[in-house]
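> Following this line is run_20.cif, made up of mmCIF, C-alpha atoms:
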```cif
data_my_file
#
loop_
_atom_site.label_atom_id
_atom_site.label_comp_id
_atom_site.auth_asym_id
_atom_site.auth_seq_id
_atom_site.Cartn_x
_atom_site.Cartn_y
_atom_site.Cartn_z
CA MET U 242 98.22 -173.94 180.62
CA ARG U 243 95.98 -172.87 183.48
CA ARG U 244 94.48 -176.38 183.68
CA VAL U 245 95.83 -179.85 182.91
CA SER U 246 92.54 -181.72 183.05
CA TRP U 247 88.91 -180.82 183.52
CA LEU U 248 85.70 -182.38 184.78
CA LEU U 249 82.98 -181.49 182.31
CA VAL U 250 79.44 -180.60 183.24
CA SER U 251 78.45 -184.04 181.94
CA LEU U 252 81.08 -185.55 184.30
CA LEU U 253 83.16 -186.79 181.37
CA ALA U 254 86.95 -186.52 181.45
CA LEU U 255 88.50 -184.01 179.05
CA PHE U 256 92.13 -184.52 178.13
CA SER U 257 94.50 -181.80 176.97
CA LEU U 258 97.36 -182.57 174.57
CA GLY U 259 99.84 -179.81 173.81
CA PHE U 260 101.63 -179.00 170.56
CA SER U 261 105.26 -178.04 170.60
CA CYS U 262 105.48 -174.26 170.38
CA VAL U 263 108.12 -171.89 169.09
CA GLU U 264 108.17 -168.69 171.12
CA ALA U 265 107.70 -165.47 169.19
CA ARG U 266 110.73 -163.22 168.95
CA ALA U 267 108.75 -159.98 169.11
CA GLU U 268 105.55 -161.25 170.59
CA ILE U 269 102.25 -159.40 170.28
CA LYS U 270 100.86 -158.28 173.61
CA ILE U 271 97.77 -156.45 174.84
CA ASP U 272 98.05 -154.25 177.91
CA ILE U 273 94.63 -154.68 179.47
CA ALA U 274 95.44 -152.46 182.43
CA GLY U 275 94.63 -149.40 180.31
CA ALA U 276 91.70 -148.56 178.08
CA LYS U 277 91.90 -150.44 174.78
CA LYS U 278 90.32 -148.41 172.00
CA ASP U 279 91.84 -150.32 169.08
CA PRO U 280 91.10 -154.06 169.40
CA LEU U 281 93.76 -156.51 168.19
CA PRO U 282 92.82 -157.93 164.73
CA VAL U 283 92.61 -161.73 164.77
CA ALA U 284 91.98 -163.95 161.73
CA ILE U 285 90.16 -167.24 162.27
CA PRO U 286 89.84 -169.13 158.96
CA ASP U 287 87.76 -172.30 158.68
CA PHE U 288 89.21 -175.17 160.67
CA SER U 289 90.21 -178.12 158.50
CA ALA U 290 87.41 -180.69 158.41
CA GLU U 291 86.39 -183.49 156.08
CA THR U 292 82.80 -184.55 156.72
CA ALA U 293 79.68 -182.38 156.76
CA LYS U 294 79.37 -182.98 160.50
CA GLU U 295 82.94 -181.83 161.10
CA LYS U 296 82.45 -178.74 158.95
CA GLU U 297 79.32 -177.78 160.89
CA LEU U 298 81.15 -178.22 164.19
CA SER U 299 84.02 -176.11 162.85
CA LYS U 300 81.60 -173.32 161.98
CA GLN U 301 79.95 -173.44 165.41
CA ILE U 302 83.24 -173.49 167.32
CA ILE U 303 84.63 -170.53 165.37
CA GLU U 304 81.45 -168.55 166.01
CA VAL U 305 81.69 -169.05 169.78
CA VAL U 306 85.44 -168.37 169.93
CA SER U 307 85.00 -165.22 167.84
CA ALA U 308 82.08 -164.00 169.97
CA ASP U 309 84.02 -164.52 173.20
CA LEU U 310 87.04 -162.60 171.95
CA VAL U 311 85.01 -159.72 170.50
CA ARG U 312 82.87 -159.45 173.62
CA SER U 313 86.02 -158.87 175.69
CA GLY U 314 86.54 -155.62 173.79
CA LEU U 315 90.22 -156.45 173.27
CA PHE U 316 89.96 -158.27 169.93
CA SER U 317 88.32 -157.85 166.54
CA ILE U 318 87.85 -160.58 163.95
CA VAL U 319 89.23 -159.86 160.48
CA ASP U 320 86.56 -160.13 157.74
CA LYS U 321 86.71 -163.60 156.19
CA ASN U 322 86.08 -162.16 152.73
CA SER U 323 89.56 -160.63 152.88
CA TYR U 324 91.39 -163.91 153.58
CA ILE U 325 93.94 -164.84 150.91
CA GLN U 326 95.09 -168.21 152.25
CA SER U 327 92.92 -171.14 153.29
CA PHE U 328 94.00 -174.34 155.04
CA ASP U 329 93.26 -177.95 154.13
CA SER U 330 95.37 -179.15 157.06
CA ILE U 331 96.46 -177.78 160.41
CA ASN U 332 99.99 -178.87 159.50
CA VAL U 333 100.22 -176.39 156.62
CA GLN U 334 102.52 -173.49 157.52
CA PRO U 335 100.82 -170.09 157.23
CA ASN U 336 101.96 -167.75 154.48
CA PHE U 337 102.52 -164.86 156.85
CA THR U 338 102.79 -162.30 154.06
CA ASP U 339 99.17 -163.03 153.10
CA TRP U 340 97.98 -162.45 156.66
CA GLN U 341 100.11 -159.37 157.13
CA ALA U 342 98.60 -157.93 153.93
CA ILE U 343 95.11 -157.94 155.49
CA LYS U 344 96.46 -156.42 158.74
CA SER U 345 95.83 -159.45 160.90
CA GLN U 346 98.15 -159.52 163.91
CA ALA U 347 97.16 -162.97 165.17
CA LEU U 348 96.03 -166.10 163.32
CA VAL U 349 94.09 -169.07 164.70
CA GLN U 350 94.46 -172.29 162.75
CA GLY U 351 92.47 -175.40 163.66
CA ARG U 352 91.18 -178.86 162.89
CA VAL U 353 88.03 -180.75 163.88
CA LYS U 354 87.94 -184.56 163.75
CA VAL U 355 84.93 -186.64 164.76
CA ILE U 356 85.96 -189.88 166.44
CA GLY U 357 83.43 -192.69 166.36
CA ALA U 358 79.79 -191.82 166.99
CA ASN U 359 80.02 -189.44 169.92
CA SER U 360 83.53 -188.02 170.37
CA VAL U 361 85.44 -185.19 168.76
CA ARG U 362 89.04 -183.98 168.75
CA VAL U 363 89.59 -180.25 168.32
CA GLU U 364 93.08 -178.83 167.73
CA PHE U 365 94.19 -175.24 167.32
CA ARG U 366 97.34 -173.21 166.83
CA LEU U 367 97.78 -169.54 167.60
CA TRP U 368 100.28 -167.66 165.42
CA ASP U 369 101.92 -164.26 165.81
CA VAL U 370 101.63 -163.02 162.23
CA PHE U 371 104.34 -160.36 162.26
CA ALA U 372 106.82 -162.37 164.34
CA MET U 373 105.98 -165.37 162.08
CA SER U 374 105.97 -167.64 165.10
CA GLN U 375 103.60 -170.02 166.86
CA MET U 376 102.49 -168.74 170.25
CA GLN U 377 100.25 -171.56 171.43
CA GLY U 378 98.99 -174.99 170.45
CA GLN U 379 96.45 -177.22 172.14
CA ALA U 380 94.22 -180.22 171.49
CA PHE U 381 91.04 -181.35 173.24
CA THR U 382 89.19 -184.67 173.05
CA THR U 383 85.70 -185.01 174.49
CA GLU U 384 82.11 -185.89 173.61
CA ILE U 385 80.60 -183.91 170.75
CA THR U 386 77.93 -182.45 173.05
CA ASN U 387 80.68 -180.52 174.86
CA TRP U 388 81.78 -178.58 171.76
CA ARG U 389 80.61 -175.26 173.21
CA ARG U 390 82.75 -175.63 176.31
CA ILE U 391 85.76 -176.52 174.15
CA SER U 392 85.14 -173.27 172.26
CA HIS U 393 85.26 -171.25 175.49
CA MET U 394 88.48 -173.01 176.49
CA ILE U 395 90.09 -172.13 173.16
CA ALA U 396 89.05 -168.50 173.60
CA ASP U 397 90.49 -168.55 177.13
CA ASP U 398 93.81 -169.91 175.85
CA ILE U 399 94.03 -167.21 173.16
CA TYR U 400 93.11 -164.48 175.65
CA GLU U 401 95.64 -165.72 178.19
CA ARG U 402 98.50 -166.12 175.71
CA ILE U 403 98.11 -162.65 174.25
CA THR U 404 97.16 -160.65 177.36
CA GLY U 405 99.15 -162.54 179.97
CA GLU U 406 96.01 -162.71 182.15
CA ASN U 407 93.79 -165.71 182.84
CA GLY U 408 90.72 -165.95 180.65
CA TYR U 409 87.15 -165.94 181.95
CA PHE U 410 85.04 -167.44 179.14
CA ASP U 411 84.77 -170.98 180.53
CA THR U 412 82.54 -169.83 183.38
CA ARG U 413 78.91 -169.66 184.39
CA ILE U 414 76.57 -167.01 185.77
CA VAL U 415 73.87 -167.64 188.34
CA TYR U 416 71.20 -164.95 188.70
CA ILE U 417 67.65 -164.20 189.80
CA ALA U 418 65.15 -164.69 186.95
CA GLU U 419 62.20 -162.35 187.43
CA THR U 420 58.72 -162.68 185.92
CA GLY U 421 55.22 -161.45 186.74
CA ILE U 422 53.71 -158.13 187.67
CA ALA U 423 55.37 -155.80 190.17
CA THR U 424 52.90 -156.65 192.95
CA ASN U 425 53.33 -160.41 192.48
CA ARG U 426 56.92 -160.90 191.35
CA ILE U 427 58.16 -164.47 190.83
CA LYS U 428 61.90 -164.82 191.48
CA ARG U 429 63.65 -168.04 190.46
CA LEU U 430 67.25 -169.16 190.61
CA ALA U 431 68.71 -169.55 187.10
CA ILE U 432 72.09 -170.43 185.63
CA MET U 433 73.74 -169.95 182.24
CA ASP U 434 77.12 -169.81 180.57
CA GLN U 435 78.81 -166.40 180.72
CA ASP U 436 77.62 -165.70 177.17
CA GLY U 437 73.96 -166.42 178.04
CA GLU U 438 73.84 -169.89 176.48
CA ASN U 439 72.88 -173.22 178.14
CA HIS U 440 70.26 -171.46 180.22
CA LYS U 441 68.50 -173.43 182.97
CA PHE U 442 66.11 -172.62 185.83
CA LEU U 443 67.21 -174.18 189.12
CA THR U 444 64.15 -173.44 191.26
CA ASN U 445 60.45 -173.51 190.39
CA GLY U 446 59.39 -170.13 191.76
CA GLU U 447 57.26 -171.42 194.63
CA ALA U 448 59.55 -169.65 197.10
CA MET U 449 61.22 -166.30 196.43
CA VAL U 450 65.00 -166.55 196.10
CA LEU U 451 67.62 -163.80 196.51
CA THR U 452 71.37 -163.09 196.41
CA PRO U 453 72.93 -166.24 194.91
CA ARG U 454 76.71 -166.53 195.32
CA PHE U 455 79.19 -169.12 194.00
CA SER U 456 81.61 -171.10 196.10
CA PRO U 457 85.21 -170.27 195.10
CA THR U 458 86.33 -173.90 195.36
CA VAL U 459 83.48 -176.11 194.08
CA GLN U 460 80.42 -175.73 191.90
CA GLN U 461 78.02 -174.80 194.67
CA ILE U 462 75.74 -171.81 195.21
CA VAL U 463 74.63 -170.26 198.47
CA TYR U 464 71.43 -168.21 198.37
CA MET U 465 68.53 -166.83 200.37
CA SER U 466 65.00 -168.17 200.10
CA TYR U 467 61.78 -167.07 201.76
CA TYR U 468 59.61 -170.07 202.57
CA HIS U 469 56.25 -169.05 204.12
CA ASP U 470 57.90 -165.68 204.90
CA THR U 471 60.70 -167.39 206.85
CA PRO U 472 64.24 -166.54 205.68
CA ARG U 473 66.30 -169.63 204.89
CA VAL U 474 69.82 -170.07 203.61
CA TYR U 475 70.45 -172.90 201.15
CA ILE U 476 73.44 -174.42 199.42
CA PHE U 477 72.76 -175.80 195.95
CA ASP U 478 75.16 -178.28 194.29
CA ILE U 479 75.08 -177.61 190.55
CA GLU U 480 76.54 -180.94 189.48
CA THR U 481 74.22 -183.15 191.52
CA GLY U 482 71.19 -180.87 191.92
CA ARG U 483 71.28 -181.54 195.68
CA GLN U 484 70.00 -178.75 197.88
CA GLU U 485 70.97 -178.38 201.54
CA ARG U 486 69.27 -176.06 204.01
CA LEU U 487 71.72 -174.40 206.38
CA GLY U 488 68.96 -173.23 208.67
CA ASP U 489 65.96 -171.02 209.32
CA PHE U 490 66.80 -167.53 210.54
CA PRO U 491 64.15 -165.54 212.43
CA GLY U 492 64.23 -161.88 211.57
CA MET U 493 66.02 -160.67 208.48
CA THR U 494 69.07 -162.35 206.96
CA PHE U 495 71.06 -160.76 204.15
CA ALA U 496 73.44 -161.72 201.36
CA PRO U 497 75.19 -164.94 202.43
CA ARG U 498 78.57 -165.40 200.76
CA PHE U 499 81.24 -168.12 200.86
CA SER U 500 84.65 -167.65 202.44
CA PRO U 501 87.62 -168.04 200.04
CA ASP U 502 88.28 -171.62 201.22
CA GLY U 503 84.60 -172.56 200.83
CA LYS U 504 84.43 -173.86 204.41
CA SER U 505 82.21 -171.15 205.86
CA VAL U 506 79.53 -168.63 204.91
CA ILE U 507 79.47 -165.00 206.01
CA MET U 508 76.19 -163.10 206.24
CA SER U 509 74.30 -160.36 208.03
CA MET U 510 71.58 -161.39 210.47
CA SER U 511 69.11 -159.20 212.35
CA LYS U 512 68.34 -160.13 215.95
CA ASN U 513 66.22 -157.93 218.19
CA GLY U 514 66.25 -155.25 215.52
CA ASN U 515 70.05 -155.11 215.27
CA SER U 516 71.84 -156.26 212.10
CA GLU U 517 75.27 -157.75 212.72
CA ILE U 518 77.71 -159.88 210.73
CA TYR U 519 78.10 -163.59 211.41
CA VAL U 520 80.32 -166.36 210.05
CA MET U 521 78.84 -169.86 209.89
CA ASN U 522 81.07 -172.93 209.81
CA LEU U 523 79.59 -175.28 207.21
CA SER U 524 80.72 -178.43 209.04
CA SER U 525 79.35 -177.57 212.47
CA LYS U 526 76.55 -175.25 211.27
CA LYS U 527 77.49 -172.94 214.14
CA ALA U 528 77.40 -169.19 213.51
CA LYS U 529 79.86 -166.82 215.20
CA ARG U 530 79.08 -163.13 215.59
CA ILE U 531 82.00 -160.85 214.62
CA THR U 532 80.54 -157.30 214.76
CA TYR U 533 79.12 -155.58 217.83
CA HIS U 534 77.62 -152.20 217.03
CA PRO U 535 74.13 -150.67 217.30
CA ALA U 536 74.29 -149.57 213.65
CA ILE U 537 73.25 -151.69 210.64
CA ASP U 538 76.18 -153.84 209.42
CA THR U 539 75.53 -155.82 206.24
CA SER U 540 76.79 -157.06 202.82
CA PRO U 541 80.06 -158.62 204.05
CA CYS U 542 82.64 -160.03 201.63
CA PHE U 543 86.02 -161.65 202.37
CA SER U 544 89.27 -160.57 200.76
CA PRO U 545 90.77 -163.26 198.46
CA ASP U 546 93.23 -164.36 201.17
CA GLY U 547 90.47 -164.58 203.77
CA GLU U 548 92.25 -162.23 206.16
CA GLN U 549 89.96 -159.19 205.85
CA ILE U 550 86.27 -158.42 205.35
CA VAL U 551 84.67 -155.47 203.58
CA PHE U 552 81.10 -154.52 204.53
CA ASN U 553 78.77 -151.55 204.56
CA SER U 554 77.43 -149.86 207.67
CA ASP U 555 75.65 -146.69 208.73
CA ARG U 556 77.68 -146.47 211.95
CA GLY U 557 79.18 -143.18 210.72
CA GLY U 558 75.78 -141.55 210.13
CA ASN U 559 75.11 -142.77 206.59
CA GLN U 560 75.82 -145.88 204.56
CA GLN U 561 79.57 -146.27 203.92
CA LEU U 562 82.14 -149.01 203.29
CA TYR U 563 84.37 -150.41 206.02
CA VAL U 564 87.17 -152.98 206.16
CA MET U 565 87.98 -155.10 209.21
CA GLU U 566 90.09 -158.11 210.14
CA LYS U 567 88.48 -161.53 209.76
CA ASP U 568 87.76 -161.67 213.51
CA GLY U 569 85.93 -158.31 213.42
CA SER U 570 88.76 -156.23 214.85
CA LYS U 571 90.45 -153.08 213.49
CA VAL U 572 87.38 -151.66 211.73
CA LYS U 573 88.35 -148.88 209.31
CA ARG U 574 86.18 -146.75 207.07
CA ILE U 575 87.39 -146.63 203.45
CA SER U 576 84.71 -144.66 201.54
CA PHE U 577 84.64 -140.87 201.91
CA GLY U 578 83.03 -139.66 198.68
CA GLU U 579 79.62 -138.07 198.32
CA GLY U 580 76.57 -140.29 198.48
CA ARG U 581 75.90 -143.71 200.02
CA TYR U 582 77.81 -146.93 199.32
CA ALA U 583 76.57 -150.54 199.30
CA THR U 584 77.12 -154.14 198.06
CA PRO U 585 80.95 -154.17 198.25
CA VAL U 586 82.70 -157.09 196.53
CA TRP U 587 86.42 -157.78 196.74
CA SER U 588 88.17 -158.50 193.43
CA PRO U 589 89.63 -162.02 193.05
CA ARG U 590 92.97 -160.30 192.47
CA GLY U 591 92.69 -158.37 195.72
CA ASP U 592 93.48 -155.03 194.08
CA TYR U 593 89.99 -153.48 193.98
CA ILE U 594 86.65 -153.45 195.75
CA ALA U 595 83.58 -152.96 193.55
CA PHE U 596 80.50 -151.28 194.98
CA THR U 597 77.12 -149.70 194.31
CA LYS U 598 76.88 -145.96 194.94
CA MET U 599 73.73 -143.85 195.37
CA LEU U 600 73.98 -140.10 194.79
CA ASN U 601 71.37 -137.46 193.86
CA GLY U 602 68.76 -140.03 192.87
CA ARG U 603 71.15 -141.94 190.58
CA PHE U 604 72.94 -145.26 191.00
CA TYR U 605 76.55 -146.02 190.02
CA ILE U 606 78.80 -149.05 189.79
CA GLY U 607 82.31 -148.14 190.91
CA VAL U 608 85.62 -149.50 192.14
CA MET U 609 88.21 -148.37 194.67
CA HIS U 610 91.39 -149.80 196.15
CA PRO U 611 91.03 -151.62 199.49
CA ASP U 612 92.43 -148.58 201.31
CA GLY U 613 89.73 -146.38 199.76
CA SER U 614 91.98 -144.64 197.24
CA GLY U 615 91.48 -144.42 193.49
CA GLU U 616 87.67 -144.38 193.41
CA ARG U 617 86.32 -144.60 189.84
CA LEU U 618 82.70 -144.79 188.67
CA LEU U 619 82.18 -147.14 185.70
CA SER U 620 78.44 -147.16 185.00
CA GLU U 621 75.43 -144.98 185.82
CA ASP U 622 71.66 -145.24 185.47
CA TYR U 623 68.33 -144.91 187.23
CA LEU U 624 69.27 -148.22 188.89
CA VAL U 625 72.54 -150.15 188.58
CA GLU U 626 73.35 -152.53 191.38
CA GLY U 627 74.92 -155.79 192.52
CA PRO U 628 78.41 -155.96 190.96
CA THR U 629 80.13 -159.34 190.60
CA TRP U 630 83.68 -159.99 189.36
CA SER U 631 84.94 -162.25 186.61
CA PRO U 632 87.43 -164.78 188.00
CA ASN U 633 90.37 -162.85 186.52
CA GLY U 634 89.26 -159.60 188.18
CA ARG U 635 89.11 -157.64 184.90
CA VAL U 636 85.35 -157.55 184.14
CA LEU U 637 82.27 -156.76 186.21
CA MET U 638 78.66 -157.83 185.77
CA TYR U 639 75.68 -156.13 187.41
CA PHE U 640 72.00 -155.51 186.76
CA ARG U 641 70.38 -152.30 185.60
CA GLU U 642 67.01 -150.70 185.09
CA SER U 643 66.46 -147.52 183.10
CA ARG U 644 63.65 -144.99 183.43
CA THR U 645 61.60 -144.81 180.22
CA GLY U 646 59.03 -142.30 181.45
CA ARG U 647 57.89 -140.50 184.58
CA LYS U 648 56.27 -143.67 185.93
CA SER U 649 57.71 -146.40 183.71
CA HIS U 650 60.94 -148.34 183.73
CA SER U 651 62.70 -150.67 181.34
CA PRO U 652 62.94 -154.41 182.09
CA THR U 653 65.70 -155.37 184.52
CA LYS U 654 68.74 -156.67 182.60
CA ILE U 655 72.28 -157.88 183.24
CA TYR U 656 75.25 -155.95 181.84
CA SER U 657 79.01 -156.36 181.84
CA ILE U 658 81.76 -153.75 181.72
CA ASP U 659 85.54 -153.98 181.88
CA LEU U 660 87.63 -152.50 184.64
CA THR U 661 88.59 -149.49 182.52
CA GLY U 662 84.95 -148.41 182.15
CA TYR U 663 84.80 -149.30 178.46
CA ASN U 664 82.96 -152.04 176.59
CA GLU U 665 79.62 -152.08 178.40
CA ARG U 666 77.44 -154.88 176.99
CA GLN U 667 74.11 -156.48 177.77
CA VAL U 668 74.04 -160.19 178.62
CA ILE U 669 70.93 -161.64 176.96
CA THR U 670 68.57 -163.62 179.20
CA PRO U 671 65.15 -165.14 178.37
CA VAL U 672 63.40 -163.20 181.16
CA GLU U 673 64.18 -160.17 183.31
CA ALA U 674 67.35 -160.71 185.33
CA SER U 675 68.91 -159.34 188.51
CA ASP U 676 71.65 -160.03 191.04
CA PRO U 677 74.16 -161.96 188.90
CA ALA U 678 77.05 -163.91 190.43
CA TRP U 679 80.07 -165.05 188.39
CA SER U 680 81.54 -168.52 188.90
CA PRO U 681 85.24 -169.36 189.10
CA LEU U 682 86.76 -171.03 186.05
CA LEU U 683 85.11 -174.41 185.67
CA PRO U 684 87.18 -177.33 187.01
#
```
If you took the structure in this file and wrote it as structure tokens, what would it be?

Amino acid sequence: MRRVSWLLVSLLALFSLGFSCVEARAEIKIDIAGAKKDPLPVAIPDFSAETAKEKELSKQIIEVVSADLVRSGLFSIVDKNSYIQSFDSINVQPNFTDWQAIKSQALVQGRVKVIGANSVRVEFRLWDVFAMSQMQGQAFTTEITNWRRISHMIADDIYERITGENGYFDTRIVYIAETGIATNRIKRLAIMDQDGENHKFLTNGEAMVLTPRFSPTVQQIVYMSYYHDTPRVYIFDIETGRQERLGDFPGMTFAPRFSPDGKSVIMSMSKNGNSEIYVMNLSSKKAKRITYHPAIDTSPCFSPDGEQIVFNSDRGGNQQLYVMEKDGSKVKRISFGEGRYATPVWSPRGDYIAFTKMLNGRFYIGVMHPDGSGERLLSEDYLVEGPTWSPNGRVLMYFRESRTGRKSHSPTKIYSIDLTGYNERQVITPVEASDPAWSPLLP
């Protein structure tokens, strides 16, 4: 399993107990590298439960697991009205002929057991229906209030076992929550689970906040805030609620982002009218300049190994993407298509760089390889901007705004799309939303 133990949001320990598994002889597999037009059918019958409380938890867990899998675009849930077999116990062997008859390729069998007043044990088994073999088995024990996170973990395990890739459901999204009229916009920092649940505002809106970004190693956020028109960079600890100011920065400061080891922050700062890229050590709070050019250099992002940096610059005449070594040397342009390029973000896998492209009055979200080859555009609208990667590097989130008339626009919303360009979906938020940032898998 990708994790042996976890620290829950409530700071309670969660323990994982594995079932013995028999490997499938002709195992089902989804190739997520290509476009998947026919989702894999999965059956998820009611988990065995005895009390009314356990049955309600079973229903809720199945709903979240099902929603996660369907939202990925790789799975469909077989209609429960077609199920022939039901289970009174997780120890009952499936009648595979019954599940084959309704064209289910995978089967999830489970049990929910409330322990005492506040704890619950959730077990599940994943079966390959046609190979008639168990693929995965896992058990979780935690407080009942953490049932939703257990659901995401189950979905992650199913996704990982069938696709061979890490899941991304047990994650969070931080974004800018926007309210108010256009001339007096209130922008607050907000956080939610990747499915839009457990929503919470982190700032009160007294100061405008921008460009939140997660640390890759701990549950911290770095972001910009304008306090009395003075740009400030803050680090916010999600678990403790503690906020630390890294400093005030005269002039303009743009898009701070953590290094892969979480020990420094890279950003663009404007001094004497010249925007350059700096790296700040979080221990010493000292910033080191790494670009020296009269053009505008901004939106830097480290490669996953920390050895290179992608950024955008107009040093070639218009806004394009460049890659350089971590010390600022060996600068190389990588974008050569039509239009202007911005907001580059390196995939956690290192195989792609996502970007925003502006061409002929339209915006696009696209990806290219780090050498500039293989450019593909995934989404288009009046405004689409700010891509952020899922921790497995297979899904992107961004925000979009559509034109509804000559002088009117739709509310700003967050969307996700997979790397193939299929399965574009809106992520529901209680207010208008922009500039999302995806967390790593929760520890």
> Within 8 Å of segment 307-311 of chain U, counting all atoms listed in the file, which residues qualify if same-chain residues fewer than 3 places away don't, as an mmCIF file with C-alpha atoms, in the coordinates of the input?

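Contents of part38.cif, as written:
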```
data_model
loop_
_atom_site.group_PDB
_atom_site.id
_atom_site.type_symbol
_atom_site.label_atom_id
_atom_site.label_comp_id
_atom_site.auth_asym_id
_atom_site.auth_seq_id
_atom_site.Cartn_x
_atom_site.Cartn_y
_atom_site.Cartn_z
ATOM 1 C CA ILE U 285 90.160 -167.240 162.270
ATOM 2 C CA ILE U 303 84.630 -170.530 165.370
ATOM 3 C CA GLU U 304 81.450 -168.550 166.010
ATOM 4 C CA GLY U 314 86.540 -155.620 173.790
ATOM 5 C CA LEU U 315 90.220 -156.450 173.270
ATOM 6 C CA PHE U 316 89.960 -158.270 169.930
ATOM 7 C CA SER U 317 88.320 -157.850 166.540
ATOM 8 C CA ILE U 318 87.850 -160.580 163.950
ATOM 9 C CA HIS U 393 85.260 -171.250 175.490
ATOM 10 C CA ALA U 396 89.050 -168.500 173.600
ATOM 11 C CA TYR U 400 93.110 -164.480 175.650
ATOM 12 C CA PHE U 410 85.040 -167.440 179.140
ATOM 13 C CA ASP U 436 77.620 -165.700 177.170
#
```
> Which of these, U:Arg402, U:Lys573, U:Arg362, U:Arg390, has the shortest distance to Ala347 of chain U once you count all atoms listed in the file?
U:Arg402
> (89.1, -158.2, 192.2) in this file's frame - what residues fall within 9 Å of it? Use all atoms listed in the file and give the answer as number ranges by chain.
U: 544-545, 586-595, 630-636
> Report the distance between atom CA of Phe442 of chain U and atom CA of Thr653 of chain U in Å, rounded to one decimal place.
17.3 Å
> Please write the residues picked by the PyMOL selection byres ((chain U and resi 566) around 10) on this file as JSON, numbers by chain.
{"U": [531, 543, 544, 547, 548, 549, 550, 551, 564, 565, 567, 568, 569, 570, 571, 572, 573]}
> Could you check which of U:Ile507, U:Val450, U:Ile575, U:Met373 is closest to Gly615 of chain U, using all atoms listed in the file?
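Using all atoms listed in the file, Gly615 of chain U sits closest to U:Ile575.
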> When the PyMOL selection byres ((chain U and resi 667-677) around 8) is applied to the structure above, which residues does it catch, written out as a short mmCIF file (atom, residue, chain, number, x, y, z; two decimals) with C-alpha atoms, in the coordinates of the input?

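What ended up in out.cif:
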```
data_model
loop_
_atom_site.label_atom_id
_atom_site.label_comp_id
_atom_site.auth_asym_id
_atom_site.auth_seq_id
_atom_site.Cartn_x
_atom_site.Cartn_y
_atom_site.Cartn_z
CA ILE U 414 76.57 -167.01 185.77
CA VAL U 415 73.87 -167.64 188.34
CA TYR U 416 71.20 -164.95 188.70
CA ILE U 417 67.65 -164.20 189.80
CA ALA U 418 65.15 -164.69 186.95
CA GLU U 419 62.20 -162.35 187.43
CA THR U 420 58.72 -162.68 185.92
CA ASP U 436 77.62 -165.70 177.17
CA GLY U 437 73.96 -166.42 178.04
CA LEU U 451 67.62 -163.80 196.51
CA THR U 452 71.37 -163.09 196.41
CA PRO U 453 72.93 -166.24 194.91
CA GLU U 626 73.35 -152.53 191.38
CA GLY U 627 74.92 -155.79 192.52
CA PRO U 628 78.41 -155.96 190.96
CA THR U 629 80.13 -159.34 190.60
CA MET U 638 78.66 -157.83 185.77
CA TYR U 639 75.68 -156.13 187.41
CA PHE U 640 72.00 -155.51 186.76
CA ARG U 641 70.38 -152.30 185.60
CA PRO U 652 62.94 -154.41 182.09
CA THR U 653 65.70 -155.37 184.52
CA LYS U 654 68.74 -156.67 182.60
CA ILE U 655 72.28 -157.88 183.24
CA TYR U 656 75.25 -155.95 181.84
CA SER U 657 79.01 -156.36 181.84
CA GLU U 665 79.62 -152.08 178.40
CA ARG U 666 77.44 -154.88 176.99
CA ALA U 678 77.05 -163.91 190.43
CA TRP U 679 80.07 -165.05 188.39
#
```
> In Å, how far is it from atom CA of Glu295 of chain U to atom CA of Trp388 of chain U?
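Distance between the two atoms: 11.2 Å.
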> Counting only C-alpha atoms, figure out which residue out of U:Arg366, U:Cys542, U:Arg603, U:Ile537 gets nearest to Gly580 of chain U.
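When distances to Gly580 of chain U are compared using only C-alpha atoms, the smallest one comes from U:Arg603.
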> Mind giving me the straight-line distance from atom CA of Gln560 of chain U to atom CA of Asp538 of chain U in Å, one decimal?
9.3 Å
> Could you rebuild segment 607-614 of chain U with N, CA and C atoms and give me the result as a PDB file, in the coordinates of the input?

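Heads up, here's the output in rebuild27.pdb:
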```pdb
ATOM      1  N   GLY U 607      80.965-148.695 190.833  1.00  0.00           N
ATOM      2  CA  GLY U 607      82.310-148.140 190.910  1.00  0.00           C
ATOM      3  C   GLY U 607      83.295-149.112 191.521  1.00  0.00           C
ATOM      4  N   VAL U 608      84.558-148.715 191.516  1.00  0.00           N
ATOM      5  CA  VAL U 608      85.620-149.500 192.140  1.00  0.00           C
ATOM      6  C   VAL U 608      86.535-148.559 192.919  1.00  0.00           C
ATOM      7  N   MET U 609      87.180-149.094 193.933  1.00  0.00           N
ATOM      8  CA  MET U 609      88.210-148.370 194.670  1.00  0.00           C
ATOM      9  C   MET U 609      89.222-149.396 195.178  1.00  0.00           C
ATOM     10  N   HIS U 610      90.409-148.920 195.540  1.00  0.00           N
ATOM     11  CA  HIS U 610      91.390-149.800 196.150  1.00  0.00           C
ATOM     12  C   HIS U 610      90.958-150.124 197.581  1.00  0.00           C
ATOM     13  N   PRO U 611      91.467-151.218 198.145  1.00  0.00           N
ATOM     14  CA  PRO U 611      91.030-151.620 199.490  1.00  0.00           C
ATOM     15  C   PRO U 611      91.307-150.586 200.582  1.00  0.00           C
ATOM     16  N   ASP U 612      92.204-149.638 200.330  1.00  0.00           N
ATOM     17  CA  ASP U 612      92.430-148.580 201.310  1.00  0.00           C
ATOM     18  C   ASP U 612      91.539-147.362 201.065  1.00  0.00           C
ATOM     19  N   GLY U 613      90.655-147.465 200.056  1.00  0.00           N
ATOM     20  CA  GLY U 613      89.730-146.380 199.760  1.00  0.00           C
ATOM     21  C   GLY U 613      90.208-145.415 198.696  1.00  0.00           C
ATOM     22  N   SER U 614      91.434-145.551 198.252  1.00  0.00           N
ATOM     23  CA  SER U 614      91.980-144.640 197.240  1.00  0.00           C
ATOM     24  C   SER U 614      91.533-145.044 195.846  1.00  0.00           C
TER      25      SER U 614
END
```
